[in-house]
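Trainee: To start, I am sharing the structure in question, which I have written as structure tokens.
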Amino acid sequence: MSHYRLKRLKQMTRNGLLRVSVIACGIMANAEERVDYQAEAIFTAGSGDFAPYYIASNRHGVLTQSDNALLRLEATRSMDLSKRFSYGYGAELLSGYSDKVAYQRYDSSSAAFSTHEEGPAAVGLRQLYGEVKYRGVFLTVGMKNHQSALLNYSLSSGDIVESGNARPIPEVRIGFVDFQDIPFTQGWVQIQGEVAYGKLADNDWLKDHYNYYDWHINLGALYHYKRCYFRSNPRQPFSVTFGMQTAGQFGGTTYVYANGVETKRYEGRAGIKDFFNMFLPRQQSGSSFFEGNTLGSWDFVARYRFNDGSLLKAYVQKPWEDGSGIGWMNGFDGVWGIEYASPTSDAIVSGAVVEYIDFTNQSGPIHWSPGDSPGTSITNNATGADAYYNNFQYNSYMYYGMSIGTPFLPSPIYNTDGYLAFIDSRVRGFHVGVAGRIGNVGYRLLGGYRKGWGDGKAPTATTRHDTSLMAEATYTVPSTPALELKAQLGLDRGNMFGDNFGACVTVAYRGALSFGRNELK
């Protein structure tokens, strides 16, 4: 090798090493792990057995009882959506005192009912998850809070399928991080979708709260969720979002009781084929039924953005649990709403929601299928006895007693007779939410009225009703912006939740910790 070439090679090597060293030092200088943390002290007191409706609802099942003294600790590392590859993780711990509520249970040996007190555990792990993303696709494993993809979480009455009302379910979830442009549409049509499989982990809660007298109890069920939304160009003043979301329960073992005696037992299937059938239901051989319990909603949102940046939305969620619901044959059933959003978060009115909610148009109590009575000469069908969120084999659509869907239908946790179903699934009413800021104080006002007629299988002779209100004020300490004080007053009136008054005070401190910084530059 000539002297010139040898000299040139050494120079290239030195330059290459220099570039590698500079890059490595830059990475070391910027390699920083940021973990956001939050500590909350929560104190509640009330006149009833349970916290007022609006204080308890849509907060991931953190509060249910009337009197509490709790400490909530949370730490999260959020994914960086600006990077091609990123990861995140989080954990949440809830501990402290919560009072207990007396539930009824049947004792077959004495042929009588007795009461026993039940309440949340003194220490509970609420969230624990890890997640990764590559480009526009994410994967999450563990227990992570989810809420409505389309409705305003803090102001709406709640999403029909996943509202954020119940605790997070241990699951594996994969999907698009956000809406993604569909190729060849030049950004005029976008898609967003998610698929999840999980394991319902509330067996102990179910066994502790069930009355062992009537209805049924399912233990060990699996959970499935999916959705697919399409959206027109969001950069335009007018944009439309349309799609469907579904959820289901399958697997597990169901024990059926009648008058305190176990009469039937179902073994749910949970093989590989059943996972596939939950994702893409198919007719079972010799049967017109599908395995598992499936429900969902058609979702539609029309949004208009004004020149000043404010938004006006009109939306509807149409529930379904069978073909009539999918075909929009159940009248006005659904959530019909209008939402206003200010361009600034510190406006006197930063957001407002008005909703009409109707679940009263499913079929009536009469049900007749010739296949249920072999040898009958009556061949006509009368497909009735439907009930939103309830199922003949699986537990109602709840987790730890709280509705996974909208809390506007009173959750089974309120049934102190130990009946694990939605008593009022035929409900109609309205809901209003307003939020804003006046000086250093943020506020939120929620209110609503509902009337219930029982459910489609067991309608009630008389109606039940409820009027609920909540006022919330949040103050951020100017000298310590990480410190936040919040006060809530809630009121329930009627025979659905009972006459109830309560208050909640929260003291929260938020901050961030940084790890792995190397000052070498």
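The chains in the structure tokens are called A, B, ... from first to last as shown; in each chain the residues are counted from 1, and the ligands are counted from 1 in the order shown.
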So that I can check the surroundings of A:Gly351, please list as a list in words every protein, DNA and RNA residue that reaches within 8 Å of it, counting only C-alpha atoms and ignoring chain neighbours fewer than 6 positions away.

Mentor: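 Within the cut-off, the hits are Leu155, Glu339, Tyr340, Ala341, Ser342, Val434, Ala435 and Gly436 of chain A.
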
Trainee: Selected residues, N, CA, C and O atoms, written as a PDB file, in the first residue's frame, please.

Mentor:
ATOM      1  N   LEU A 155     -66.678  15.572  30.862  1.00  0.00           N
ATOM      2  CA  LEU A 155     -67.975  16.245  30.800  1.00  0.00           C
ATOM      3  C   LEU A 155     -69.120  15.349  30.340  1.00  0.00           C
ATOM      4  O   LEU A 155     -70.279  15.628  30.646  1.00  0.00           O
ATOM      5  N   GLU A 339     -71.453  19.072  21.857  1.00  0.00           N
ATOM      6  CA  GLU A 339     -70.334  19.526  22.673  1.00  0.00           C
ATOM      7  C   GLU A 339     -69.738  20.800  22.101  1.00  0.00           C
ATOM      8  O   GLU A 339     -69.563  20.926  20.885  1.00  0.00           O
ATOM      9  N   TYR A 340     -69.414  21.731  23.006  1.00  0.00           N
ATOM     10  CA  TYR A 340     -68.699  22.958  22.637  1.00  0.00           C
ATOM     11  C   TYR A 340     -67.349  22.951  23.329  1.00  0.00           C
ATOM     12  O   TYR A 340     -67.232  22.584  24.505  1.00  0.00           O
ATOM     13  N   ALA A 341     -66.284  23.343  22.599  1.00  0.00           N
ATOM     14  CA  ALA A 341     -64.944  23.434  23.167  1.00  0.00           C
ATOM     15  C   ALA A 341     -64.335  24.767  22.796  1.00  0.00           C
ATOM     16  O   ALA A 341     -64.283  25.139  21.620  1.00  0.00           O
ATOM     17  N   SER A 342     -63.865  25.505  23.791  1.00  0.00           N
ATOM     18  CA  SER A 342     -63.233  26.801  23.575  1.00  0.00           C
ATOM     19  C   SER A 342     -61.820  26.610  23.042  1.00  0.00           C
ATOM     20  O   SER A 342     -61.174  25.596  23.324  1.00  0.00           O
ATOM     21  N   VAL A 434     -70.550  21.289  32.240  1.00  0.00           N
ATOM     22  CA  VAL A 434     -69.931  22.571  31.897  1.00  0.00           C
ATOM     23  C   VAL A 434     -68.631  22.701  32.680  1.00  0.00           C
ATOM     24  O   VAL A 434     -68.567  22.351  33.867  1.00  0.00           O
ATOM     25  N   ALA A 435     -67.581  23.202  32.024  1.00  0.00           N
ATOM     26  CA  ALA A 435     -66.302  23.415  32.693  1.00  0.00           C
ATOM     27  C   ALA A 435     -65.707  24.735  32.234  1.00  0.00           C
ATOM     28  O   ALA A 435     -66.011  25.236  31.145  1.00  0.00           O
ATOM     29  N   GLY A 436     -64.846  25.303  33.070  1.00  0.00           N
ATOM     30  CA  GLY A 436     -64.190  26.562  32.722  1.00  0.00           C
ATOM     31  C   GLY A 436     -63.268  27.017  33.836  1.00  0.00           C
ATOM     32  O   GLY A 436     -62.917  26.243  34.734  1.00  0.00           O
TER      33      GLY A 436
END

Trainee: Just the residues within 10 Å of A:Asp49, please, counting only C-alpha atoms, with nothing from its chain fewer than 4 positions along; format it as a ChimeraX atom specification.

Mentor: /A:64-67,99-102,414,416,497-498,500

Trainee: Considering only C-alpha atoms, state which residue in the set A:Asp386, A:Asp417, A:Glu194, A:Asp202 is at the smallest distance from A:Trp215.

Mentor: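 Closest residue, counting only C-alpha atoms: A:Asp417.
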
Trainee: Any idea what's packed within 6 Å of stretch 166-178 of chain A, counting only C-alpha atoms, ignoring anything in its chain fewer than 6 positions away? Could you give it as a ChimeraX atom specification?

Mentor: /A:60-61,136-145,192-199,402,404

Trainee: Using backbone DSSP assignments, extract all helix (DSSP H, G or I) residues from stretch 12-246 of chain A; output them as a ChimeraX atom specification.

Mentor: /A:12-30,53-56,203-209

Trainee: Give one line per residue of stretch 399-513 of chain A that approaches stretch 378-385 of chain A to at most 9 Å, naming the two atoms of the closest pair and their distance in Å to one decimal, counting only C-alpha atoms; sort by chain then ascending residue number and deliver it as a tab-separated table.

Mentor:
residue	atom	partner	partner_atom	distance
A:Asp455	CA	A:Ala385	CA	8.2
A:Gly456	CA	A:Ala385	CA	5.0
A:Lys457	CA	A:Ala385	CA	4.0
A:Ala458	CA	A:Ala385	CA	7.7

Trainee: Would you mind telling me which residue in A:Leu125, A:Asp308, A:Asn440, A:Thr474 lies nearest to A:Leu94 when using only C-alpha atoms?

Mentor: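 The answer is A:Leu125, which sits nearest to A:Leu94.
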
Trainee: For each of A:Thr460, A:Arg426, A:Ile413, A:Phe113, take the minimum atom-to-atom distance to A:Ala56, counting only C-alpha atoms, then give the residue where this is smallest.

Mentor: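 Closest to A:Ala56 of all the choices is A:Ile413.
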
Trainee: Smallest atom-to-atom distance to A:Gly439: which of A:Asp346, A:Asp466, A:Asp299, A:Asp358, using only C-alpha atoms?

Mentor: A:Asp346

Trainee: Quick one: distance from atom CA of A:Thr246 to atom CA of A:Gly292 in Å, one decimal?

Mentor: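 It comes out at 12.5 Å.
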
Trainee: Go through stretch 303-428 of chain A and collect every residue that DSSP, computed from the backbone, puts in strand (DSSP E or B); the answer should be as a ChimeraX atom specification.

Mentor: /A:303-305,311-320,334-341,351-358,368,382,398-399,402-403,427-428

Trainee: Which is closer to A:Arg450 than all the others in A:Tyr397, A:Val301, A:Met329, A:Tyr53, using only C-alpha atoms?

Mentor: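 Closest to A:Arg450, using only C-alpha atoms: A:Tyr53.
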
Trainee: Find the residue from A:Ser98, A:Asn391, A:Gln180, A:Ser232 that sits nearest to A:Ala302; use only C-alpha atoms when measuring.

Mentor: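 Between A:Ser98, A:Asn391, A:Gln180, A:Ser232, the residue approaching A:Ala302 most closely is A:Ser232.
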
Trainee: How many Å lie between atom CA of A:Ala512 and atom CA of A:Lys133, rounded to one decimal?

Mentor: 22.1 Å

Trainee: Extract, using only C-alpha atoms, all DNA, RNA and protein residues at most 10 Å from A:Pro52, discarding same-chain residues fewer than 4 positions from it, and format them as an MDAnalysis selection string.

Mentor: chainID A and resid 45:48 56:57 63:66 468:470 489:493 497:504

Trainee: Those residues you just picked out, can you put them in a file as a compact mmCIF listing (two decimals), in the first residue's frame with C-alpha atoms?

Mentor:
# COMPACT_ATOMS: atom_id res chain seq x y z
CA ALA A 45 -67.89 11.84 53.48
CA GLY A 46 -71.56 11.40 52.72
CA SER A 47 -74.99 10.57 54.05
CA GLY A 48 -75.55 7.38 52.05
CA ALA A 56 -68.06 8.14 41.90
CA SER A 57 -68.70 7.87 38.16
CA LEU A 63 -64.25 5.80 44.61
CA THR A 64 -67.39 3.81 45.35
CA GLN A 65 -68.07 4.03 49.09
CA SER A 66 -69.42 7.06 50.89
CA SER A 468 -78.00 14.08 40.48
CA LEU A 469 -75.82 17.19 40.65
CA MET A 470 -72.16 17.91 41.29
CA LEU A 489 -70.07 18.52 46.39
CA GLY A 490 -72.52 15.88 45.11
CA LEU A 491 -76.25 15.38 45.52
CA ASP A 492 -78.61 12.52 44.58
CA ARG A 493 -82.37 12.69 44.94
CA PHE A 497 -79.68 5.86 44.17
CA GLY A 498 -81.57 7.15 47.19
CA ASP A 499 -81.36 10.58 48.77
CA ASN A 500 -77.67 11.20 49.20
CA PHE A 501 -75.38 14.13 49.87
CA GLY A 502 -71.60 13.97 49.97
CA ALA A 503 -68.33 15.84 49.61
CA CYS A 504 -64.85 14.99 48.33

Trainee: Would you pick out the contacts of A:Ala91 at 12 Å or less, using only C-alpha atoms, so that residues sharing its chain but fewer than 6 positions from it are not included, and give the list as a ChimeraX atom specification?

Mentor: /A:35-38,72-78,124-130,142-145,168

Trainee: Could you pull the residues within 10 Å of A:Asn259, counting only C-alpha atoms, minus those fewer than 3 positions along the same chain, as a PDB file with N, CA, C and O atoms, in the first residue's frame?

Mentor:
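Contents of selection00.pdb, as written:
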ATOM      1  N   TYR A 106     -77.779 -15.520  50.712  1.00  0.00           N
ATOM      2  CA  TYR A 106     -78.680 -16.604  51.097  1.00  0.00           C
ATOM      3  C   TYR A 106     -77.884 -17.781  51.642  1.00  0.00           C
ATOM      4  O   TYR A 106     -76.886 -18.204  51.051  1.00  0.00           O
ATOM      5  N   SER A 108     -78.258 -21.616  52.373  1.00  0.00           N
ATOM      6  CA  SER A 108     -79.140 -22.746  52.064  1.00  0.00           C
ATOM      7  C   SER A 108     -79.370 -23.650  53.278  1.00  0.00           C
ATOM      8  O   SER A 108     -80.413 -24.295  53.384  1.00  0.00           O
ATOM      9  N   ALA A 111     -81.934 -21.734  55.122  1.00  0.00           N
ATOM     10  CA  ALA A 111     -82.995 -21.264  54.228  1.00  0.00           C
ATOM     11  C   ALA A 111     -83.403 -19.834  54.572  1.00  0.00           C
ATOM     12  O   ALA A 111     -84.588 -19.485  54.615  1.00  0.00           O
ATOM     13  N   TYR A 212     -76.164 -15.786  45.976  1.00  0.00           N
ATOM     14  CA  TYR A 212     -76.287 -17.238  45.885  1.00  0.00           C
ATOM     15  C   TYR A 212     -77.738 -17.693  46.008  1.00  0.00           C
ATOM     16  O   TYR A 212     -78.025 -18.783  46.525  1.00  0.00           O
ATOM     17  N   TYR A 213     -78.635 -16.871  45.481  1.00  0.00           N
ATOM     18  CA  TYR A 213     -80.066 -17.215  45.542  1.00  0.00           C
ATOM     19  C   TYR A 213     -80.693 -17.272  44.147  1.00  0.00           C
ATOM     20  O   TYR A 213     -81.396 -18.220  43.811  1.00  0.00           O
ATOM     21  N   ASP A 214     -80.453 -16.248  43.336  1.00  0.00           N
ATOM     22  CA  ASP A 214     -81.038 -16.225  42.003  1.00  0.00           C
ATOM     23  C   ASP A 214     -80.027 -15.670  41.000  1.00  0.00           C
ATOM     24  O   ASP A 214     -78.913 -15.286  41.357  1.00  0.00           O
ATOM     25  N   TRP A 215     -80.442 -15.663  39.731  1.00  0.00           N
ATOM     26  CA  TRP A 215     -79.582 -15.199  38.641  1.00  0.00           C
ATOM     27  C   TRP A 215     -78.395 -16.154  38.516  1.00  0.00           C
ATOM     28  O   TRP A 215     -78.563 -17.372  38.684  1.00  0.00           O
ATOM     29  N   GLU A 262     -78.222 -24.421  43.214  1.00  0.00           N
ATOM     30  CA  GLU A 262     -77.548 -24.406  41.923  1.00  0.00           C
ATOM     31  C   GLU A 262     -78.261 -25.368  40.977  1.00  0.00           C
ATOM     32  O   GLU A 262     -78.355 -26.578  41.247  1.00  0.00           O
ATOM     33  N   THR A 263     -78.747 -24.857  39.853  1.00  0.00           N
ATOM     34  CA  THR A 263     -79.532 -25.665  38.919  1.00  0.00           C
ATOM     35  C   THR A 263     -78.805 -25.999  37.633  1.00  0.00           C
ATOM     36  O   THR A 263     -79.126 -26.992  36.989  1.00  0.00           O
TER      37      THR A 263
END

Trainee: Can you work out the spacing between atom CA of A:Lys486 and atom CA of A:Asn58 in Å, to one decimal?

Mentor: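 Calculated distance between atom CA of A:Lys486 and atom CA of A:Asn58 is 16.6 Å.
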